[in-house]
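Quick notes on the structure that follows.
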Amino acid sequence: MFQIFLKKVRKTTWEKTLLIGLALVILLIFALLPDNLNPILLVTNHDPQGRNKVLTAALVQEISQASNKIQEVEFSDTLAQFTQEQNFFHLVGLLEKINSKYNFDKLRVVNSNGLLLASFPDVKEQGNNVYLTTEWKNIFSQTHTQTLFGRGTHFPLVLVTSQPIIQDNSLVGTILGTYFLDNDYAKVFRDTYFDQDVDIVFYTRDEGLVGSTFTDADTVKLMNAYLGIGAEDLRLGKGPLLTHQGVKFSDGYHYIHDIALDDSGQYGVLLIHPSSHQSNVIVITAIVTFLFFLFQLYVHRGVLKHSWSSRHFFWFIIITFIFFFSTFIIWIYQTDKAFLALKPSPYLIYNSTLKFSPEATVFDKKFEQSIALQLNSGGESINAVEAIVHFDPTSVSVVEVDTTRSFCDPGMFLEKSIDEQAGVVRVTCVVPSPGFSESSGIVAELLVQAVRDGAFTLTYDGETKVLAHDGLGTNVLRLAENGSYQAITDFITNSQAFVFSITHPNQARWYHNPNIHIAWLANPGFSYRYAVDQLADTVTLNSTSTTNTYDFSVNKSGTYYFHIQPLKVGKQGVITHYPIHVDIDPPDKPKILASARTVKSGDVVRLNFSSHDSLSGLQKTFYVKIGDSLLLPATAPLFIPLVEKGPIIIVVRAFDQAGNFGDSAIKIEVE
């Protein structure tokens, strides 16, 4: 009797149990698969590695084409002669003629010491020492074409290519061709290599989005917010757009591919293309279910052969449908987790920044310099800007306030004044509705002339404002960064070494980077005595170098000084003292005060928060994260409506002026 019972179990209950158990195991495996092994993502992403290869190949092709263009430029004796003579007017005319054929965004000529002699179309740009002040300085010492992506002097991300100017087998200068990786470049890049349903985004980890193919203003605002300065600490590669396989826009799901443009990963490009994973989930689930159905038939082949009944058919259908819907729901849930839903901020964000462009440089004193007041909007629409700039009139004179390239209409400037005696410039302009919401733009440009050799600073007054287009004129300025500059009469001198740091170029601001690179203009046959300490006027220098660079790291916050002195045949030159401000310590964790810790659904919670930083000082704007939303900038007091029931974790992040941050969190129960 027991043997008959076991035989019956094997034919019915055991087979059903086996099938259900197998189905549950398969579903569990689907649920636990990581994104990079998820079959839906792998199938619908259209060969992600292939997309990356296509994007990489396109970037290589851009580098190759830029190199070919600069090599095609005819380097006649006239160009070398004008370079040696530093003939500005003839060089500008020649650059204009060259660019009419090759269409670079900017063409420049520098001499063999890196001094910028002429630029087109920005003819006001002249006299900078490009050798010292750019991260691509090594291209000037080469005798062949060099092309790379990097930070520009006036635009945060560029493609620059160079060709040496040779005369009598000697390097007399270099011609530089530059493309700005802005919206126009992104569109041409997309149209050349990809379909129209693909979008391209160029970004840096310091400035966020710098160029894209997006045309919808709301999408641009969202991308600015998610790639904005400080958002999820993008500079460390932890931004949400860099840790998800895709994003959800209003028009559906899209995959993201991220390619670095440099070895350090500070610059990158995103390729965003539509995903058809939702429709494919149904197709693939149906295929898997059909295979599962065939497996059922195989397991029940004995029953089908001898004793098939409607009861068996009923169980076939029930198990198959359970498997199909369970697989479909799990796969939809799993794939959705790989996509970041881009949502607008529930409150007005405070993420605008003002800086000078360039923020630091070394230039020849006899040349006027054009320094832009540059606004990064951070995602909100801007209605007005009031910039107050201080300068030392004994060091520099502000000759003109130029608004030619301003995003403000020429007729909408309420003030453009220069008080030479007091050393104050005031610029106020209004932007009519719908306001200015691009990622960055120029408010105005200051044309300055150095009065004497040495360093000087341009500083934003504390009353400088950026007003949002919100009907209230809310000041959304998060940070205003000052500028630091060095004016020099003669770059090549036996008595002094001129110093600059591309890692810490601005002597008027704090940096969180503890790794410091120093460079100086070196004369042949000279050695250089140097020292690093925290004293401003050290004269005892114990180390000696025959090169023109020095790298070092610090392990604590503070102001450091690099001291250097040229030496030749026992003669000692003047000691140069270069200050470097390093703040690697986070500010105090924010103190958070909430109007209530337990609220009803729909209630509004009032938050106040504060922090302190003893060295570089706090930025006035904090970042706030509500639940699983994005960290977004805000100022206290902040009023937050809470609708969803359950515990809500609110995180507040404080930033100091160097970019370090500290976090605190509180939990609020919503009943």
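Residues are named by chain letter and number: chains run A, B, ... in the order of the structure tokens, numbers start at 1 in each chain, and ligands are numbered from 1 in the order shown.
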
### Message
Which of stretch 40-258 of chain A end up as strand (DSSP E or B) when DSSP is run on this backbone - answer as a PyMOL selection string?
### Response
chain A and resi 106-111+115-120+128-129+146-150+158-167+170-180+199-204+208-212+246-249+252-258

### Query
Out of stretch 59-267 of chain A, which residues get alpha helix (DSSP H) from DSSP, as a ChimeraX atom specification?
/A:59-72,77-85,88-102,130-133,183-193,217-226,240-243

Please list as a compact mmCIF listing (two decimals) with all heavy atoms, in the first residue's frame every residue within 8 Å of A:Pro514, counting only C-alpha atoms and excluding residues in the same chain fewer than 2 positions away.
```
# COMPACT_ATOMS: atom_id res chain seq x y z
N TYR A 511 41.66 75.29 -1.43
CA TYR A 511 41.50 74.07 -2.21
C TYR A 511 41.47 72.86 -1.28
O TYR A 511 42.14 72.85 -0.24
CB TYR A 511 42.66 73.91 -3.20
CG TYR A 511 42.68 74.95 -4.30
CD1 TYR A 511 43.34 76.17 -4.13
CD2 TYR A 511 42.04 74.73 -5.52
CE1 TYR A 511 43.36 77.12 -5.14
CE2 TYR A 511 42.06 75.67 -6.54
CZ TYR A 511 42.72 76.87 -6.33
OH TYR A 511 42.73 77.81 -7.34
N HIS A 512 40.70 71.85 -1.69
CA HIS A 512 40.65 70.62 -0.89
C HIS A 512 41.69 69.59 -1.34
O HIS A 512 41.83 68.54 -0.72
CB HIS A 512 39.25 70.00 -0.97
CG HIS A 512 38.86 69.54 -2.34
ND1 HIS A 512 38.16 70.35 -3.22
CD2 HIS A 512 39.09 68.39 -3.01
CE1 HIS A 512 37.97 69.71 -4.35
NE2 HIS A 512 38.53 68.52 -4.25
N ILE A 516 50.01 68.97 -4.67
CA ILE A 516 50.31 70.29 -5.25
C ILE A 516 51.38 70.16 -6.32
O ILE A 516 52.42 69.52 -6.11
CB ILE A 516 50.78 71.26 -4.14
CG1 ILE A 516 49.68 71.37 -3.08
CG2 ILE A 516 51.12 72.63 -4.71
CD1 ILE A 516 50.16 71.89 -1.75
N SER A 553 53.03 66.93 -1.42
CA SER A 553 51.73 66.74 -0.79
C SER A 553 51.79 67.20 0.66
O SER A 553 52.85 67.19 1.28
CB SER A 553 51.31 65.27 -0.84
OG SER A 553 51.21 64.82 -2.17
N VAL A 554 50.65 67.60 1.18
CA VAL A 554 50.55 68.01 2.58
C VAL A 554 49.53 67.10 3.27
O VAL A 554 48.63 66.56 2.63
CB VAL A 554 50.14 69.49 2.71
CG1 VAL A 554 51.17 70.38 2.05
CG2 VAL A 554 48.77 69.74 2.09
N ASN A 555 49.69 66.93 4.57
CA ASN A 555 48.79 66.03 5.30
C ASN A 555 47.93 66.74 6.33
O ASN A 555 47.24 66.09 7.12
CB ASN A 555 49.59 64.91 5.98
CG ASN A 555 50.67 65.45 6.90
OD1 ASN A 555 50.67 66.63 7.27
ND2 ASN A 555 51.61 64.59 7.28
N VAL A 582 45.29 75.27 1.61
CA VAL A 582 44.76 73.91 1.56
C VAL A 582 43.88 73.66 2.78
O VAL A 582 44.30 73.88 3.91
CB VAL A 582 45.90 72.87 1.53
CG1 VAL A 582 45.32 71.45 1.54
CG2 VAL A 582 46.79 73.07 0.32
N ILE A 584 41.67 70.47 4.00
CA ILE A 584 41.24 69.09 3.75
C ILE A 584 40.30 68.59 4.84
O ILE A 584 39.90 67.42 4.82
CB ILE A 584 42.46 68.15 3.64
CG1 ILE A 584 43.31 68.20 4.91
CG2 ILE A 584 43.29 68.50 2.43
CD1 ILE A 584 44.49 67.24 4.88
```

### Message
Taking only C-alpha atoms into account, name the residue in A:Leu521, A:Val220, A:Val92, A:Val539 that is nearest to A:Gly114.
### Response
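Selected residue with least distance to A:Gly114: A:Leu521.
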
Neighbour list for A:Ala384 as a compact mmCIF listing (two decimals) with N, CA, C and O atoms, in the first residue's frame, cut-off 12 Å, only C-alpha atoms, skip fewer than 2 positions in-chain:
```txt
# COMPACT_ATOMS: atom_id res chain seq x y z
N SER A 352 23.48 78.86 -7.69
CA SER A 352 24.21 79.74 -8.60
C SER A 352 25.57 80.09 -7.99
O SER A 352 25.71 80.28 -6.78
N LEU A 375 28.77 83.53 -14.59
CA LEU A 375 27.71 82.97 -13.75
C LEU A 375 27.45 81.52 -14.16
O LEU A 375 27.29 81.23 -15.33
N SER A 377 24.51 78.98 -13.45
CA SER A 377 23.16 79.10 -12.89
C SER A 377 22.78 77.93 -12.00
O SER A 377 21.96 78.09 -11.10
N SER A 381 16.26 79.49 -12.99
CA SER A 381 16.21 80.64 -13.90
C SER A 381 16.59 81.90 -13.14
O SER A 381 16.12 82.14 -12.02
N ILE A 382 17.44 82.73 -13.78
CA ILE A 382 17.97 83.93 -13.13
C ILE A 382 17.27 85.16 -13.72
O ILE A 382 17.16 85.31 -14.93
N GLU A 386 23.50 91.40 -9.51
CA GLU A 386 24.15 92.61 -9.01
C GLU A 386 25.53 92.21 -8.49
O GLU A 386 25.66 91.57 -7.45
N ALA A 387 26.57 92.54 -9.27
CA ALA A 387 27.94 92.17 -8.92
C ALA A 387 28.72 93.39 -8.48
O ALA A 387 28.76 94.41 -9.18
N PHE A 407 24.95 87.82 -21.26
CA PHE A 407 23.63 87.24 -21.49
C PHE A 407 22.52 88.25 -21.17
O PHE A 407 21.36 88.01 -21.49
N CYS A 408 22.88 89.37 -20.53
CA CYS A 408 21.91 90.44 -20.30
C CYS A 408 21.80 91.30 -21.56
O CYS A 408 22.80 91.56 -22.23
N ASP A 409 20.61 91.74 -21.86
CA ASP A 409 20.40 92.63 -23.00
C ASP A 409 21.12 93.95 -22.75
O ASP A 409 21.12 94.46 -21.62
N MET A 412 19.37 96.50 -20.74
CA MET A 412 18.85 96.12 -19.44
C MET A 412 19.88 96.24 -18.33
O MET A 412 19.71 95.68 -17.25
N PHE A 413 20.97 96.96 -18.59
CA PHE A 413 21.96 97.20 -17.54
C PHE A 413 21.56 98.44 -16.75
O PHE A 413 21.46 99.54 -17.29
N LEU A 414 21.33 98.24 -15.46
CA LEU A 414 20.95 99.35 -14.59
C LEU A 414 22.16 100.12 -14.10
O LEU A 414 22.04 101.29 -13.73
N GLU A 415 23.33 99.44 -14.06
CA GLU A 415 24.53 100.12 -13.58
C GLU A 415 25.77 99.46 -14.17
O GLU A 415 25.86 98.22 -14.23
N VAL A 427 28.21 96.28 -11.33
CA VAL A 427 27.50 95.86 -12.53
C VAL A 427 26.16 95.28 -12.11
O VAL A 427 26.11 94.32 -11.34
N THR A 428 25.07 95.88 -12.63
CA THR A 428 23.73 95.39 -12.31
C THR A 428 22.94 95.26 -13.61
O THR A 428 22.89 96.21 -14.40
N CYS A 429 22.34 94.09 -13.83
CA CYS A 429 21.53 93.89 -15.03
C CYS A 429 20.32 93.04 -14.72
O CYS A 429 20.30 92.29 -13.74
N VAL A 430 19.31 93.15 -15.58
CA VAL A 430 18.05 92.43 -15.44
C VAL A 430 17.86 91.55 -16.66
O VAL A 430 18.18 91.95 -17.79
N VAL A 431 17.33 90.34 -16.45
CA VAL A 431 17.02 89.43 -17.54
C VAL A 431 15.51 89.22 -17.55
O VAL A 431 14.95 88.66 -16.60
N PRO A 432 14.81 89.68 -18.59
CA PRO A 432 13.35 89.52 -18.63
C PRO A 432 12.92 88.06 -18.64
O PRO A 432 13.72 87.15 -18.88
N SER A 433 11.64 87.82 -18.39
CA SER A 433 11.06 86.48 -18.39
C SER A 433 11.33 85.80 -19.75
O SER A 433 11.27 86.45 -20.79
N PRO A 434 11.70 84.52 -19.76
CA PRO A 434 11.70 83.55 -18.65
C PRO A 434 13.00 83.51 -17.86
O PRO A 434 13.23 82.56 -17.11
N GLY A 435 13.87 84.49 -18.00
CA GLY A 435 15.12 84.52 -17.27
C GLY A 435 16.23 83.75 -17.96
O GLY A 435 16.05 83.16 -19.02
N PHE A 436 17.40 83.76 -17.33
CA PHE A 436 18.57 83.05 -17.86
C PHE A 436 18.70 81.72 -17.11
O PHE A 436 18.81 81.70 -15.89
N SER A 437 18.71 80.61 -17.86
CA SER A 437 18.78 79.30 -17.22
C SER A 437 19.81 78.38 -17.85
O SER A 437 19.82 77.18 -17.57
N VAL A 443 28.31 87.70 -17.35
CA VAL A 443 27.57 88.88 -16.92
C VAL A 443 28.17 90.11 -17.58
O VAL A 443 27.47 90.94 -18.17
N THR A 464 27.06 91.12 -3.19
CA THR A 464 26.80 90.62 -4.54
C THR A 464 25.62 89.66 -4.51
O THR A 464 25.52 88.80 -3.62
N LYS A 465 24.72 89.78 -5.49
CA LYS A 465 23.49 88.99 -5.48
C LYS A 465 23.21 88.39 -6.86
O LYS A 465 23.55 88.98 -7.89
N VAL A 466 22.57 87.22 -6.84
CA VAL A 466 21.99 86.60 -8.03
C VAL A 466 20.55 86.30 -7.69
O VAL A 466 20.27 85.50 -6.79
N LEU A 467 19.61 86.94 -8.37
CA LEU A 467 18.20 86.85 -8.02
C LEU A 467 17.47 85.89 -8.95
O LEU A 467 17.58 85.98 -10.17
N ALA A 468 16.69 84.99 -8.35
CA ALA A 468 15.96 83.99 -9.12
C ALA A 468 14.71 84.58 -9.76
O ALA A 468 14.13 85.55 -9.27
N HIS A 469 14.31 83.96 -10.87
CA HIS A 469 13.07 84.35 -11.55
C HIS A 469 11.90 83.58 -10.91
O HIS A 469 11.31 82.69 -11.51
N ASP A 470 11.59 83.92 -9.65
CA ASP A 470 10.56 83.21 -8.90
C ASP A 470 9.44 84.12 -8.43
O ASP A 470 8.59 83.71 -7.65
N GLY A 471 9.44 85.36 -8.90
CA GLY A 471 8.43 86.31 -8.47
C GLY A 471 8.73 86.97 -7.15
O GLY A 471 8.04 87.92 -6.74
N LEU A 472 9.78 86.48 -6.45
CA LEU A 472 10.14 87.02 -5.15
C LEU A 472 11.52 87.67 -5.16
O LEU A 472 11.90 88.32 -4.19
N GLY A 473 12.28 87.45 -6.24
CA GLY A 473 13.63 87.98 -6.29
C GLY A 473 14.55 87.35 -5.25
O GLY A 473 15.38 88.02 -4.64
N THR A 474 14.42 86.03 -5.04
CA THR A 474 15.21 85.33 -4.04
C THR A 474 16.68 85.30 -4.45
O THR A 474 17.01 84.95 -5.58
N ASN A 475 17.56 85.63 -3.52
CA ASN A 475 18.99 85.58 -3.78
C ASN A 475 19.45 84.13 -3.71
O ASN A 475 19.47 83.51 -2.64
N VAL A 476 19.82 83.55 -4.86
CA VAL A 476 20.19 82.14 -4.94
C VAL A 476 21.70 81.95 -5.13
O VAL A 476 22.16 80.89 -5.55
N LEU A 477 22.47 82.97 -4.83
CA LEU A 477 23.93 82.86 -4.97
C LEU A 477 24.49 81.99 -3.85
O LEU A 477 24.38 82.31 -2.68
```

### Task
May I ask which of the residues A:Lys556, A:Lys620, A:Lys416, A:Lys600 is the closest one to A:Asn351, counting only C-alpha atoms?
A:Lys620

Which residues are close to A:Val499, i.e. within 10 Å by only C-alpha atoms, leaving aside same-chain residues fewer than 3 positions away? Reply as a compact mmCIF listing (two decimals) with C-alpha atoms, in the first residue's frame.
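As written to disk, part.txt reads:
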```txt
# COMPACT_ATOMS: atom_id res chain seq x y z
CA LEU A 132 52.56 78.33 -16.94
CA THR A 133 48.81 78.59 -16.58
CA VAL A 362 50.18 85.21 -15.16
CA GLN A 486 50.28 88.13 -11.46
CA GLN A 496 63.47 86.16 -10.34
CA PRO A 505 46.25 78.51 -9.36
CA ILE A 518 54.39 73.86 -8.91
CA ALA A 519 55.97 75.16 -12.13
CA TRP A 520 58.17 78.14 -12.98
CA LEU A 521 59.87 79.63 -16.01
CA ALA A 522 63.45 78.39 -16.02
CA ASN A 548 61.23 73.79 -13.63
CA THR A 549 58.61 71.76 -11.71
CA PHE A 562 56.65 77.67 -1.90
CA HIS A 563 59.85 79.75 -1.83
CA ILE A 564 62.21 79.77 -4.82
CA THR A 576 59.64 84.48 -4.75
CA HIS A 577 57.03 83.40 -2.18
CA TYR A 578 53.98 81.59 -3.59
```

### Message
At a cut-off of 6 Å, using only C-alpha atoms, what residues contact stretch 363-371 of chain A? Leave out same-chain residues fewer than 6 positions from it and give the result as a PyMOL selection string.
### Response
chain A and resi 127-129+357+445-450+487-489

### Message
Just to confirm, what's the straight-line distance from atom CA of A:Thr404 to atom CA of A:Leu157 in Å (one decimal)?
### Response
22.4 Å

#### Entry: Who sits within 10 Å of A:Pro524, only C-alpha atoms, same chain under 4 positions skipped, as an MDAnalysis selection string
chainID A and resid 546:547 568

Those selected residues, please, written with C-alpha atoms and delivered as a compact mmCIF listing (two decimals), in the first residue's frame.
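Here's the written file again-v2.txt:
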```txt
# COMPACT_ATOMS: atom_id res chain seq x y z
CA THR A 546 67.73 72.16 -12.13
CA THR A 547 64.24 71.46 -13.53
CA LYS A 568 73.93 81.02 -11.47
```

### Query
Separation of atom CA of A:Ser664 and atom CA of A:Ser611, in Å?
10.2 Å

### Counting only C-alpha atoms, the option among A:Phe316, A:Tyr179, A:Phe552, A:Tyr253 closest to A:Ala338
A:Tyr253

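Put simply, atom CA of A:Leu261 is 27.8 Å away from atom CA of A:Asn111.
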